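Heads up, protein28.tsv below (TSV, C-alpha atoms):
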chain	number	residue	atom	x	y	z
A	1330	ARG	CA	140.88	101.71	-1.43
A	1331	GLN	CA	142.99	98.59	-1.92
A	1332	ILE	CA	140.16	96.92	-3.88
A	1333	LEU	CA	139.91	100.02	-6.10
A	1334	GLN	CA	143.66	99.93	-6.81
A	1335	ASP	CA	143.44	96.20	-7.58
A	1336	GLU	CA	140.59	96.78	-10.06
A	1337	VAL	CA	142.52	99.59	-11.79
A	1338	GLY	CA	145.53	97.28	-12.11
A	1339	ILE	CA	143.42	94.37	-13.37
A	1340	SER	CA	141.76	96.60	-15.97
A	1341	GLN	CA	145.15	97.80	-17.21
A	1342	VAL	CA	146.35	94.19	-17.48
A	1343	TYR	CA	143.21	93.27	-19.46
A	1344	ASN	CA	143.79	96.19	-21.82
A	1345	SER	CA	147.48	95.34	-22.27
A	1346	LEU	CA	146.58	91.73	-23.09
A	1347	GLY	CA	144.00	93.01	-25.56
A	1348	VAL	CA	146.62	95.14	-27.31
A	1349	LEU	CA	149.05	92.22	-27.37
A	1350	TYR	CA	146.50	89.83	-28.89
A	1351	MET	CA	145.46	92.53	-31.37
A	1352	GLU	CA	149.09	92.88	-32.52
A	1353	TRP	CA	149.23	89.09	-32.92
A	1354	LYS	CA	145.99	89.30	-34.97
A	1355	ASN	CA	144.17	87.10	-32.45
A	1356	TYR	CA	141.10	89.31	-32.59
A	1357	ASN	CA	138.70	87.07	-30.65
A	1358	ASP	CA	140.88	87.02	-27.54
A	1359	ALA	CA	141.71	90.71	-27.97
A	1360	LEU	CA	137.99	91.55	-28.02
A	1361	THR	CA	137.39	89.47	-24.90
A	1362	PHE	CA	140.06	91.33	-22.92
A	1363	PHE	CA	139.02	94.78	-24.19
A	1364	LYS	CA	135.43	94.09	-23.11
A	1365	LYS	CA	136.60	92.91	-19.68
A	1366	SER	CA	138.61	96.11	-19.32
A	1367	LEU	CA	135.61	98.19	-20.42
A	1368	GLN	CA	133.38	96.51	-17.83
A	1369	LEU	CA	135.82	97.40	-15.03
A	1370	GLU	CA	136.39	100.96	-16.28
A	1371	LYS	CA	132.63	101.59	-16.30
A	1372	LYS	CA	132.56	100.46	-12.68
A	1373	LEU	CA	135.51	102.76	-11.90
A	1374	GLU	CA	133.86	105.59	-13.89
A	1375	ASN	CA	137.11	106.55	-15.63
A	1376	LYS	CA	135.85	108.28	-18.78
A	1377	ARG	CA	139.22	108.56	-20.49
A	1378	ARG	CA	139.92	104.84	-20.21
A	1379	ILE	CA	136.30	104.01	-21.11
A	1380	SER	CA	136.75	105.96	-24.35
A	1381	ASP	CA	140.04	104.12	-25.02
A	1382	CYS	CA	138.35	100.73	-24.49
A	1383	LEU	CA	135.50	101.68	-26.83
A	1384	ASN	CA	138.01	102.78	-29.46
A	1385	ASN	CA	139.98	99.53	-29.13
A	1386	ILE	CA	136.81	97.47	-29.47
A	1387	GLY	CA	135.97	99.50	-32.58
A	1388	LEU	CA	139.40	98.65	-34.00
A	1389	ILE	CA	138.76	94.93	-33.54
A	1390	TYR	CA	135.45	95.16	-35.42
A	1391	LYS	CA	137.23	97.18	-38.11
A	1392	TYR	CA	139.91	94.50	-38.50
A	1393	ASN	CA	137.14	91.89	-38.72
A	1394	LYS	CA	135.53	94.03	-41.48
A	1395	LYS	CA	132.42	94.68	-39.39
A	1396	TYR	CA	132.53	98.37	-40.23
A	1397	THR	CA	129.01	99.34	-39.15
A	1398	ILE	CA	129.61	98.00	-35.63
A	1399	ALA	CA	133.07	99.62	-35.64
A	1400	ILE	CA	131.48	102.99	-36.47
A	1401	GLU	CA	129.11	102.59	-33.51
A	1402	TYR	CA	132.02	102.10	-31.08
A	1403	PHE	CA	134.13	104.86	-32.65
A	1404	ASN	CA	131.20	107.28	-32.26
A	1405	ARG	CA	130.69	106.30	-28.62
A	1406	SER	CA	134.40	106.83	-27.98
A	1407	LEU	CA	134.28	110.18	-29.82
A	1408	GLU	CA	131.39	111.51	-27.71
A	1409	ILE	CA	133.22	110.79	-24.45
A	1410	ARG	CA	136.47	112.26	-25.77
A	1411	LYS	CA	134.60	115.44	-26.70
A	1412	GLU	CA	133.04	115.52	-23.25
A	1413	ILE	CA	136.45	115.38	-21.52
A	1414	SER	CA	138.19	117.58	-24.14
A	1415	ASN	CA	140.71	114.89	-25.15
A	1416	LYS	CA	141.83	116.48	-28.42
A	1417	SER	CA	144.35	113.82	-29.45
A	1418	GLY	CA	141.69	111.20	-28.76
A	1419	ILE	CA	139.12	113.16	-30.79
A	1420	ALA	CA	141.52	113.29	-33.74
A	1421	THR	CA	142.11	109.54	-33.49
A	1422	SER	CA	138.37	108.77	-33.33
A	1423	LEU	CA	137.66	111.01	-36.33
A	1424	ASN	CA	140.39	109.31	-38.35
A	1425	ASN	CA	139.11	105.85	-37.39
A	1426	LEU	CA	135.60	106.85	-38.47
A	1427	GLY	CA	137.06	108.01	-41.78
A	1428	ILE	CA	138.79	104.65	-42.27
A	1429	ALA	CA	135.53	102.78	-41.61
A	1430	TYR	CA	133.51	104.96	-44.01
A	1431	ASN	CA	136.28	104.67	-46.61
A	1432	ALA	CA	136.07	100.87	-46.35
A	1433	LEU	CA	132.30	101.10	-46.89
A	1434	GLY	CA	132.88	103.16	-50.05
A	1435	ASN	CA	131.49	106.39	-48.58
A	1436	TYR	CA	134.49	108.45	-49.64
A	1437	ILE	CA	132.90	111.89	-49.19
A	1438	GLN	CA	132.09	111.12	-45.55
A	1439	ALA	CA	135.55	109.62	-45.07
A	1440	ILE	CA	137.28	112.73	-46.46
A	1441	ASN	CA	135.20	114.92	-44.15
A	1442	TYR	CA	136.34	112.95	-41.08
A	1443	TYR	CA	139.96	112.87	-42.27
A	1444	LYS	CA	140.08	116.65	-42.76
A	1445	ARG	CA	138.63	117.26	-39.30
A	1446	SER	CA	141.20	114.88	-37.83
A	1447	LEU	CA	144.02	116.61	-39.74
A	1448	GLU	CA	142.90	120.03	-38.50
A	1449	ILE	CA	142.98	118.95	-34.85
A	1450	ASN	CA	146.32	117.14	-35.22
A	1451	LYS	CA	147.85	120.29	-36.72
A	1452	GLU	CA	146.35	122.37	-33.91
A	1453	ILE	CA	147.93	120.23	-31.18
A	1454	GLY	CA	151.10	119.51	-33.15
A	1455	ILE	CA	151.08	115.69	-33.19
A	1456	GLU	CA	153.30	114.85	-36.16
A	1457	GLN	CA	152.43	111.17	-36.34
A	1458	GLY	CA	148.72	112.04	-36.30
A	1459	ILE	CA	149.26	114.63	-39.03
A	1460	ALA	CA	151.13	112.09	-41.18
A	1461	ILE	CA	148.39	109.49	-40.75
A	1462	SER	CA	145.64	111.99	-41.62
A	1463	LEU	CA	147.57	113.12	-44.71
A	1464	TYR	CA	147.99	109.50	-45.82
A	1465	THR	CA	144.34	108.60	-45.32
A	1466	LEU	CA	143.28	111.70	-47.28
A	1467	GLY	CA	145.56	110.70	-50.13
A	1468	GLU	CA	144.08	107.20	-50.07
A	1469	ALA	CA	140.51	108.50	-50.10
A	1470	TYR	CA	141.20	110.83	-53.05
A	1471	MET	CA	142.93	107.95	-54.83
A	1472	ASN	CA	139.76	105.89	-54.36
A	1473	THR	CA	137.71	108.70	-55.98
A	1474	ASN	CA	140.24	108.81	-58.86
A	1475	ASN	CA	141.18	112.39	-57.96
A	1476	LYS	CA	144.86	111.82	-58.72
A	1477	LYS	CA	145.90	115.44	-58.34
A	1478	GLU	CA	144.64	115.68	-54.75
A	1479	ALA	CA	145.91	112.18	-53.96
A	1480	ILE	CA	149.44	113.12	-55.09
A	1481	LYS	CA	149.26	116.35	-53.08
A	1482	TYR	CA	148.45	114.61	-49.80
A	1483	PHE	CA	150.77	111.65	-50.40
A	1484	LEU	CA	153.71	114.01	-51.04
A	1485	GLU	CA	152.94	115.97	-47.87
A	1486	CYS	CA	152.74	112.70	-45.96
A	1487	GLN	CA	156.01	111.49	-47.53
A	1488	LYS	CA	157.90	114.57	-46.35
A	1489	LEU	CA	156.68	114.26	-42.76
A	1490	ALA	CA	156.82	110.44	-42.59
A	1491	GLU	CA	160.44	110.44	-43.74
A	1492	LYS	CA	161.24	113.04	-41.09
A	1493	ILE	CA	159.72	111.03	-38.22
A	1494	GLU	CA	160.59	107.63	-39.77
A	1495	LEU	CA	156.98	106.43	-39.92
A	1496	ASN	CA	157.86	103.54	-42.21
A	1497	GLU	CA	154.58	101.66	-41.79
A	1498	LYS	CA	152.83	104.52	-43.64
A	1499	LEU	CA	155.76	105.54	-45.83
A	1500	ILE	CA	155.87	102.23	-47.65
A	1501	PHE	CA	152.22	102.62	-48.70
A	1502	VAL	CA	152.88	106.22	-49.77
A	1503	TYR	CA	155.68	104.98	-52.07
A	1504	GLU	CA	153.49	102.17	-53.38
A	1505	ASN	CA	150.48	104.40	-54.10
A	1506	LEU	CA	152.56	107.13	-55.72
A	1507	SER	CA	154.21	104.56	-57.98
A	1508	ILE	CA	150.75	103.29	-58.99
A	1509	ILE	CA	149.45	106.79	-59.71
A	1510	TYR	CA	152.53	107.84	-61.70
A	1511	TYR	CA	152.36	104.61	-63.68
A	1512	SER	CA	148.72	105.34	-64.55
A	1513	LEU	CA	149.77	108.87	-65.65
A	1514	ASN	CA	152.57	107.36	-67.79
A	1515	LYS	CA	155.24	109.26	-65.84
A	1516	LYS	CA	157.92	106.59	-66.07
A	1517	GLU	CA	160.71	108.43	-64.24
A	1518	LYS	CA	158.48	109.14	-61.25
A	1519	PHE	CA	157.14	105.61	-61.36
A	1520	ASN	CA	160.68	104.16	-61.30
A	1521	GLU	CA	161.72	106.52	-58.49
A	1522	TYR	CA	158.87	105.52	-56.19
A	1523	HIS	CA	158.89	101.87	-57.19
A	1524	THR	CA	162.58	101.71	-56.19
A	1525	LEU	CA	161.89	103.51	-52.91
A	1526	TYR	CA	159.06	101.05	-52.24
A	1527	ASN	CA	161.21	97.97	-52.92
A	1528	ASN	CA	164.11	99.22	-50.78
A	1529	LEU	CA	161.88	100.05	-47.83
A	1530	GLN	CA	159.99	96.78	-48.19
A	1531	ASP	CA	163.29	94.85	-47.86
A	1532	SER	CA	164.17	96.87	-44.76
A	1533	ILE	CA	160.76	96.33	-43.18
A	1534	PHE	CA	160.84	92.61	-44.03
A	1535	ASN	CA	164.11	92.19	-42.13
A	1536	LYS	CA	162.76	94.20	-39.21
A	1537	GLU	CA	159.58	92.09	-39.16
A	1538	LYS	CA	161.65	88.90	-39.04
A	1539	HIS	CA	163.45	90.20	-35.96
A	1540	GLN	CA	160.10	91.21	-34.47
A	1541	GLN	CA	158.65	87.76	-35.15
A	1542	LEU	CA	161.55	86.17	-33.28
A	1543	ALA	CA	160.96	88.58	-30.39
A	1544	ASP	CA	157.23	87.74	-30.44
A	1545	PHE	CA	157.97	84.00	-30.38
A	1546	ARG	CA	160.23	84.56	-27.39
A	1547	VAL	CA	157.52	86.55	-25.58
A	1548	GLN	CA	154.94	83.85	-26.35
A	1549	TYR	CA	157.31	81.12	-25.13
A	1550	GLU	CA	158.10	83.02	-21.92
A	1551	THR	CA	154.40	83.75	-21.38
A	1552	ARG	CA	153.49	80.05	-21.72
A	1553	GLU	CA	156.41	79.12	-19.46
A	1554	LYS	CA	155.22	81.56	-16.79
A	1555	GLU	CA	151.65	80.29	-17.08
A	1556	GLN	CA	152.92	76.73	-16.56
A	1557	GLN	CA	154.97	77.85	-13.56
A	1558	ILE	CA	151.94	79.59	-12.10
A	1559	GLU	CA	149.83	76.46	-12.68
A	1560	ILE	CA	152.45	74.25	-10.99
A	1561	LEU	CA	152.74	76.71	-8.10
A	1562	SER	CA	148.96	76.83	-7.76
A	1563	LYS	CA	148.78	73.03	-7.64
A	1564	THR	CA	151.62	72.93	-5.09
A	1565	ASN	CA	149.84	75.49	-2.93
A	1566	GLU	CA	146.60	73.53	-3.21
A	1567	ILE	CA	148.38	70.33	-2.15
A	1568	GLU	CA	149.92	72.12	0.84
A	1569	ARG	CA	146.53	73.56	1.73
A	1570	LEU	CA	144.92	70.13	1.61
A	1571	ARG	CA	147.76	68.66	3.69
A	1572	SER	CA	147.36	71.40	6.31
A	1573	GLN	CA	143.61	70.84	6.29
A	1574	ARG	CA	144.13	67.08	6.72
A	1575	ASN	CA	146.58	67.62	9.58
A	1576	LEU	CA	144.12	69.93	11.32
A	1577	ILE	CA	141.35	67.35	10.97
A	1578	ILE	CA	143.63	64.58	12.36
A	1579	ALA	CA	144.67	66.83	15.24
A	1580	ALA	CA	141.03	67.65	15.96
A	1581	ILE	CA	140.07	63.96	15.93
A	1582	LEU	CA	142.96	63.10	18.23
A	1583	ALA	CA	141.96	65.93	20.56
A	1584	VAL	CA	138.38	64.64	20.67
A	1585	ILE	CA	139.61	61.09	21.36
A	1586	ILE	CA	141.89	62.29	24.16
A	1587	ILE	CA	139.05	64.32	25.70
A	1588	LEU	CA	136.76	61.28	25.48
A	1589	PHE	CA	139.38	59.11	27.21
A	1590	ILE	CA	139.74	61.72	29.94
A	1591	ILE	CA	135.97	61.90	30.42
A	1592	ILE	CA	135.62	58.09	30.43
A	1593	GLY	CA	138.54	57.84	32.85
A	1594	MET	CA	136.99	60.41	35.18
A	1595	LEU	CA	133.64	58.64	35.07
A	1596	TRP	CA	135.27	55.24	35.75
A	1597	TYR	CA	137.29	56.75	38.62
A	1598	ARG	CA	134.18	58.27	40.25
A	1599	LYS	CA	132.23	55.02	39.81
A	1600	ASN	CA	134.92	52.89	41.44
A	1601	LYS	CA	135.62	55.46	44.15
A	1602	TYR	CA	132.07	55.47	45.44

Please, can you express the file's structure as structure tokens?
Amino acid sequence: RQILQDEVGISQVYNSLGVLYMEWKNYNDALTFFKKSLQLEKKLENKRRISDCLNNIGLIYKYNKKYTIAIEYFNRSLEIRKEISNKSGIATSLNNLGIAYNALGNYIQAINYYKRSLEINKEIGIEQGIAISLYTLGEAYMNTNNKKEAIKYFLECQKLAEKIELNEKLIFVYENLSIIYYSLNKKEKFNEYHTLYNNLQDSIFNKEKHQQLADFRVQYETREKEQQIEILSKTNEIERLRSQRNLIIAAILAVIIILFIIIGMLWYRKNKY
């Protein structure tokens, strides 16, 4: 039981490190840790976490623009999430598949996945998921030059994203709407959304600077802890070797003493008789 708990903990640490490296855009290390976590979760037979690992691996391949491989992992994750009725996970997998197909230029397939994701997110009431699905639909219709549908979904996304303060999507909504309105020669709307975009970009830039400082601090503290662990490990190894040496010396001395006793006894018997 203790070994099982240790393996669960180790897998969670691997996954957390994978997420951390993914956020730092160190995709090679992120992939290594996600695969280590997947290997342990398969051993533990935890289907929910297996599906999460598969999805995370798919994200890494997506970020590396290896969309075909990403689709393979997203589909594997989707099948398990269907099997265990993880609806929020299903919606996420469907949306990720849409993003991959959109990147490959298969917009019809992408829209199909996005709409299925949107339907499930609305069913279970996950506002962030709804906002993301609305945004990705707007983006896909924008790619097909269907400006009317693109505006429709971007405006729906804007309303919800402003409500829940989902700025990482909102800024792209403002940007895309400004582009569309510019192409339609609607100058007032263009100016409105271009201003919104610039203001939010300044806000996000300042926030990102603070986040970068926080990340640098985490990285520094992580390296410091690793160095402390290394020093501690070396100290422990030295102590272990010293203890081992002392035991060997004690054993040798014991053998010598025993030999002296035996020799003394033999000498005593020889001289006695």

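Excluding region 1356-1373 of chain A itself and same-chain residues fewer than 6 positions from it, the residues having an atom within 6 Å of it are Ser1340, Tyr1343, Asn1344, Gly1347, Tyr1350, Ile1379 and Cys1382 of chain A, counting only C-alpha atoms.
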
6 Å contact set for Ala1460 (chain A), all atoms listed in the file, chain neighbours under 3 positions out, as a JSON list (two decimals) with C-alpha atoms, keeping the file's coordinate frame:
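The resulting file, around-v6.json, is reproduced below:
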[["chain", "number", "residue", "atom", "x", "y", "z"],
["A", 1457, "GLN", "CA", 152.43, 111.17, -36.34],
["A", 1463, "LEU", "CA", 147.57, 113.12, -44.71],
["A", 1486, "CYS", "CA", 152.74, 112.70, -45.96]]

Would you compute the distance between CA of Lys1476 (chain A) and CA of Ser1422 (chain A)? Give it in Å to one decimal. 26.4 Å

Excluding Tyr1503 (chain A) and its own-chain neighbours fewer than 5 positions away, which residues fall within 10 Å of it when counting only C-alpha atoms? Please give them as an NGL selection string. :A and (1483-1484 or 1487 or 1498 or 1508 or 1519 or 1521-1527 or 1529)

How far is it from CA of Phe1501 (chain A) to CA of Tyr1443 (chain A), in Å with one decimal?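 Between these atoms lies a distance of 17.2 Å.
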
Residues at most 12 Å from Lys1411 (chain A), counting only C-alpha atoms, excluding those fewer than 3 positions away in the same chain, as a list of chain:residue names? A:Lys1376, A:Arg1377, A:Ser1380, A:Asn1404, A:Arg1405, A:Ser1406, A:Leu1407, A:Glu1408, A:Ser1414, A:Asn1415, A:Lys1416, A:Ser1417, A:Gly1418, A:Ile1419, A:Ala1420, A:Thr1421, A:Ser1422, A:Leu1423

Smallest atom-to-atom distance to Lys1354 (chain A): which of A:Glu1374, A:Glu1401, A:Asn1393, A:Gln1341, using all atoms listed in the file?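 Once distances to Lys1354 (chain A) are computed over all atoms listed in the file, the minimum belongs to A:Asn1393.
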
Please determine, counting only C-alpha atoms, which residue among A:Ile1428, A:Ile1533, A:Leu1513, A:Leu1383 has the shortest atom-to-atom distance to Glu1497 (chain A).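 Under the stated criterion, the closest residue is A:Ile1533.
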
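Of note, CA of Glu1448 (chain A) and CA of Gly1387 (chain A) are spaced 22.5 Å apart.
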
Excluding Lys1391 (chain A) and residues on its chain fewer than 3 positions from it, collect all residues at most 10 Å away from it, counting only C-alpha atoms, and give them as an MDAnalysis selection string. chainID A and resid 1385:1388 1394:1400 1403 1425:1426 1428:1429 1432

Using all atoms listed in the file, which of the listed residues (A:Gly1427, A:Lys1451, A:Leu1506, A:Ile1459) sits closest to Lys1481 (chain A)?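 When distances to Lys1481 (chain A) are compared using all atoms listed in the file, the smallest one comes from A:Leu1506.
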
Tell me which of A:Val1502, A:Ile1455, A:Ile1449, A:Ile1440 sits closest to Tyr1470 (chain A), counting only C-alpha atoms.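 When distances to Tyr1470 (chain A) are compared using only C-alpha atoms, the smallest one comes from A:Ile1440.
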
Could you model N, CA, C and O atoms for region 1365-1391 of chain A and present them as a PDB file, in the frame of the given file?
ATOM      1  N   LYS A1365     136.397  93.066 -21.133  1.00  0.00           N
ATOM      2  CA  LYS A1365     136.600  92.910 -19.680  1.00  0.00           C
ATOM      3  C   LYS A1365     137.127  94.210 -19.085  1.00  0.00           C
ATOM      4  O   LYS A1365     136.689  94.639 -18.001  1.00  0.00           O
ATOM      5  N   SER A1366     138.064  94.829 -19.778  1.00  0.00           N
ATOM      6  CA  SER A1366     138.610  96.110 -19.320  1.00  0.00           C
ATOM      7  C   SER A1366     137.528  97.181 -19.300  1.00  0.00           C
ATOM      8  O   SER A1366     137.426  97.955 -18.344  1.00  0.00           O
ATOM      9  N   LEU A1367     136.706  97.211 -20.341  1.00  0.00           N
ATOM     10  CA  LEU A1367     135.610  98.190 -20.420  1.00  0.00           C
ATOM     11  C   LEU A1367     134.646  98.033 -19.257  1.00  0.00           C
ATOM     12  O   LEU A1367     134.205  99.021 -18.647  1.00  0.00           O
ATOM     13  N   GLN A1368     134.308  96.798 -18.934  1.00  0.00           N
ATOM     14  CA  GLN A1368     133.380  96.510 -17.830  1.00  0.00           C
ATOM     15  C   GLN A1368     133.916  97.079 -16.510  1.00  0.00           C
ATOM     16  O   GLN A1368     133.175  97.693 -15.742  1.00  0.00           O
ATOM     17  N   LEU A1369     135.211  96.894 -16.261  1.00  0.00           N
ATOM     18  CA  LEU A1369     135.820  97.400 -15.030  1.00  0.00           C
ATOM     19  C   LEU A1369     135.906  98.928 -15.043  1.00  0.00           C
ATOM     20  O   LEU A1369     135.643  99.576 -14.026  1.00  0.00           O
ATOM     21  N   GLU A1370     136.252  99.503 -16.199  1.00  0.00           N
ATOM     22  CA  GLU A1370     136.390 100.960 -16.280  1.00  0.00           C
ATOM     23  C   GLU A1370     135.044 101.664 -16.090  1.00  0.00           C
ATOM     24  O   GLU A1370     134.980 102.756 -15.523  1.00  0.00           O
ATOM     25  N   LYS A1371     133.972 101.026 -16.545  1.00  0.00           N
ATOM     26  CA  LYS A1371     132.630 101.590 -16.300  1.00  0.00           C
ATOM     27  C   LYS A1371     132.333 101.600 -14.806  1.00  0.00           C
ATOM     28  O   LYS A1371     131.754 102.559 -14.275  1.00  0.00           O
ATOM     29  N   LYS A1372     132.745 100.546 -14.132  1.00  0.00           N
ATOM     30  CA  LYS A1372     132.560 100.460 -12.680  1.00  0.00           C
ATOM     31  C   LYS A1372     133.384 101.535 -11.972  1.00  0.00           C
ATOM     32  O   LYS A1372     132.940 102.149 -11.003  1.00  0.00           O
ATOM     33  N   LEU A1373     134.607 101.771 -12.492  1.00  0.00           N
ATOM     34  CA  LEU A1373     135.510 102.760 -11.900  1.00  0.00           C
ATOM     35  C   LEU A1373     135.167 104.190 -12.344  1.00  0.00           C
ATOM     36  O   LEU A1373     135.702 105.152 -11.779  1.00  0.00           O
ATOM     37  N   GLU A1374     134.310 104.298 -13.370  1.00  0.00           N
ATOM     38  CA  GLU A1374     133.860 105.590 -13.890  1.00  0.00           C
ATOM     39  C   GLU A1374     135.007 106.461 -14.404  1.00  0.00           C
ATOM     40  O   GLU A1374     135.020 107.680 -14.215  1.00  0.00           O
ATOM     41  N   ASN A1375     135.991 105.821 -15.035  1.00  0.00           N
ATOM     42  CA  ASN A1375     137.110 106.550 -15.630  1.00  0.00           C
ATOM     43  C   ASN A1375     136.800 106.784 -17.109  1.00  0.00           C
ATOM     44  O   ASN A1375     136.975 105.889 -17.946  1.00  0.00           O
ATOM     45  N   LYS A1376     136.351 107.991 -17.430  1.00  0.00           N
ATOM     46  CA  LYS A1376     135.850 108.280 -18.780  1.00  0.00           C
ATOM     47  C   LYS A1376     136.941 108.181 -19.844  1.00  0.00           C
ATOM     48  O   LYS A1376     136.681 107.730 -20.961  1.00  0.00           O
ATOM     49  N   ARG A1377     138.139 108.618 -19.505  1.00  0.00           N
ATOM     50  CA  ARG A1377     139.220 108.560 -20.490  1.00  0.00           C
ATOM     51  C   ARG A1377     139.513 107.110 -20.900  1.00  0.00           C
ATOM     52  O   ARG A1377     139.628 106.811 -22.085  1.00  0.00           O
ATOM     53  N   ARG A1378     139.603 106.246 -19.886  1.00  0.00           N
ATOM     54  CA  ARG A1378     139.920 104.840 -20.210  1.00  0.00           C
ATOM     55  C   ARG A1378     138.700 104.132 -20.820  1.00  0.00           C
ATOM     56  O   ARG A1378     138.871 103.203 -21.606  1.00  0.00           O
ATOM     57  N   ILE A1379     137.498 104.556 -20.462  1.00  0.00           N
ATOM     58  CA  ILE A1379     136.300 104.010 -21.110  1.00  0.00           C
ATOM     59  C   ILE A1379     136.341 104.315 -22.600  1.00  0.00           C
ATOM     60  O   ILE A1379     136.092 103.446 -23.442  1.00  0.00           O
ATOM     61  N   SER A1380     136.683 105.572 -22.932  1.00  0.00           N
ATOM     62  CA  SER A1380     136.750 105.960 -24.350  1.00  0.00           C
ATOM     63  C   SER A1380     137.833 105.180 -25.084  1.00  0.00           C
ATOM     64  O   SER A1380     137.662 104.806 -26.245  1.00  0.00           O
ATOM     65  N   ASP A1381     138.956 104.912 -24.398  1.00  0.00           N
ATOM     66  CA  ASP A1381     140.040 104.120 -25.020  1.00  0.00           C
ATOM     67  C   ASP A1381     139.588 102.687 -25.284  1.00  0.00           C
ATOM     68  O   ASP A1381     139.879 102.114 -26.336  1.00  0.00           O
ATOM     69  N   CYS A1382     138.863 102.105 -24.310  1.00  0.00           N
ATOM     70  CA  CYS A1382     138.350 100.730 -24.490  1.00  0.00           C
ATOM     71  C   CYS A1382     137.373 100.661 -25.657  1.00  0.00           C
ATOM     72  O   CYS A1382     137.436  99.739 -26.478  1.00  0.00           O
ATOM     73  N   LEU A1383     136.473 101.645 -25.738  1.00  0.00           N
ATOM     74  CA  LEU A1383     135.500 101.680 -26.830  1.00  0.00           C
ATOM     75  C   LEU A1383     136.200 101.801 -28.179  1.00  0.00           C
ATOM     76  O   LEU A1383     135.823 101.144 -29.149  1.00  0.00           O
ATOM     77  N   ASN A1384     137.240 102.626 -28.221  1.00  0.00           N
ATOM     78  CA  ASN A1384     138.010 102.780 -29.460  1.00  0.00           C
ATOM     79  C   ASN A1384     138.698 101.477 -29.841  1.00  0.00           C
ATOM     80  O   ASN A1384     138.676 101.072 -31.013  1.00  0.00           O
ATOM     81  N   ASN A1385     139.290 100.806 -28.855  1.00  0.00           N
ATOM     82  CA  ASN A1385     139.980  99.530 -29.130  1.00  0.00           C
ATOM     83  C   ASN A1385     139.008  98.461 -29.615  1.00  0.00           C
ATOM     84  O   ASN A1385     139.333  97.674 -30.507  1.00  0.00           O
ATOM     85  N   ILE A1386     137.820  98.428 -29.018  1.00  0.00           N
ATOM     86  CA  ILE A1386     136.810  97.470 -29.470  1.00  0.00           C
ATOM     87  C   ILE A1386     136.403  97.782 -30.910  1.00  0.00           C
ATOM     88  O   ILE A1386     136.233  96.881 -31.742  1.00  0.00           O
ATOM     89  N   GLY A1387     136.277  99.084 -31.211  1.00  0.00           N
ATOM     90  CA  GLY A1387     135.970  99.500 -32.580  1.00  0.00           C
ATOM     91  C   GLY A1387     137.038  99.032 -33.561  1.00  0.00           C
ATOM     92  O   GLY A1387     136.728  98.586 -34.672  1.00  0.00           O
ATOM     93  N   LEU A1388     138.303  99.106 -33.137  1.00  0.00           N
ATOM     94  CA  LEU A1388     139.400  98.650 -34.000  1.00  0.00           C
ATOM     95  C   LEU A1388     139.286  97.155 -34.318  1.00  0.00           C
ATOM     96  O   LEU A1388     139.526  96.733 -35.453  1.00  0.00           O
ATOM     97  N   ILE A1389     138.906  96.376 -33.315  1.00  0.00           N
ATOM     98  CA  ILE A1389     138.760  94.930 -33.540  1.00  0.00           C
ATOM     99  C   ILE A1389     137.666  94.656 -34.565  1.00  0.00           C
ATOM    100  O   ILE A1389     137.851  93.844 -35.488  1.00  0.00           O
ATOM    101  N   TYR A1390     136.531  95.345 -34.431  1.00  0.00           N
ATOM    102  CA  TYR A1390     135.450  95.160 -35.420  1.00  0.00           C
ATOM    103  C   TYR A1390     135.880  95.641 -36.799  1.00  0.00           C
ATOM    104  O   TYR A1390     135.489  95.061 -37.816  1.00  0.00           O
ATOM    105  N   LYS A1391     136.709  96.689 -36.824  1.00  0.00           N
ATOM    106  CA  LYS A1391     137.230  97.180 -38.110  1.00  0.00           C
ATOM    107  C   LYS A1391     138.116  96.118 -38.760  1.00  0.00           C
ATOM    108  O   LYS A1391     137.988  95.815 -39.950  1.00  0.00           O
TER     109      LYS A1391
END
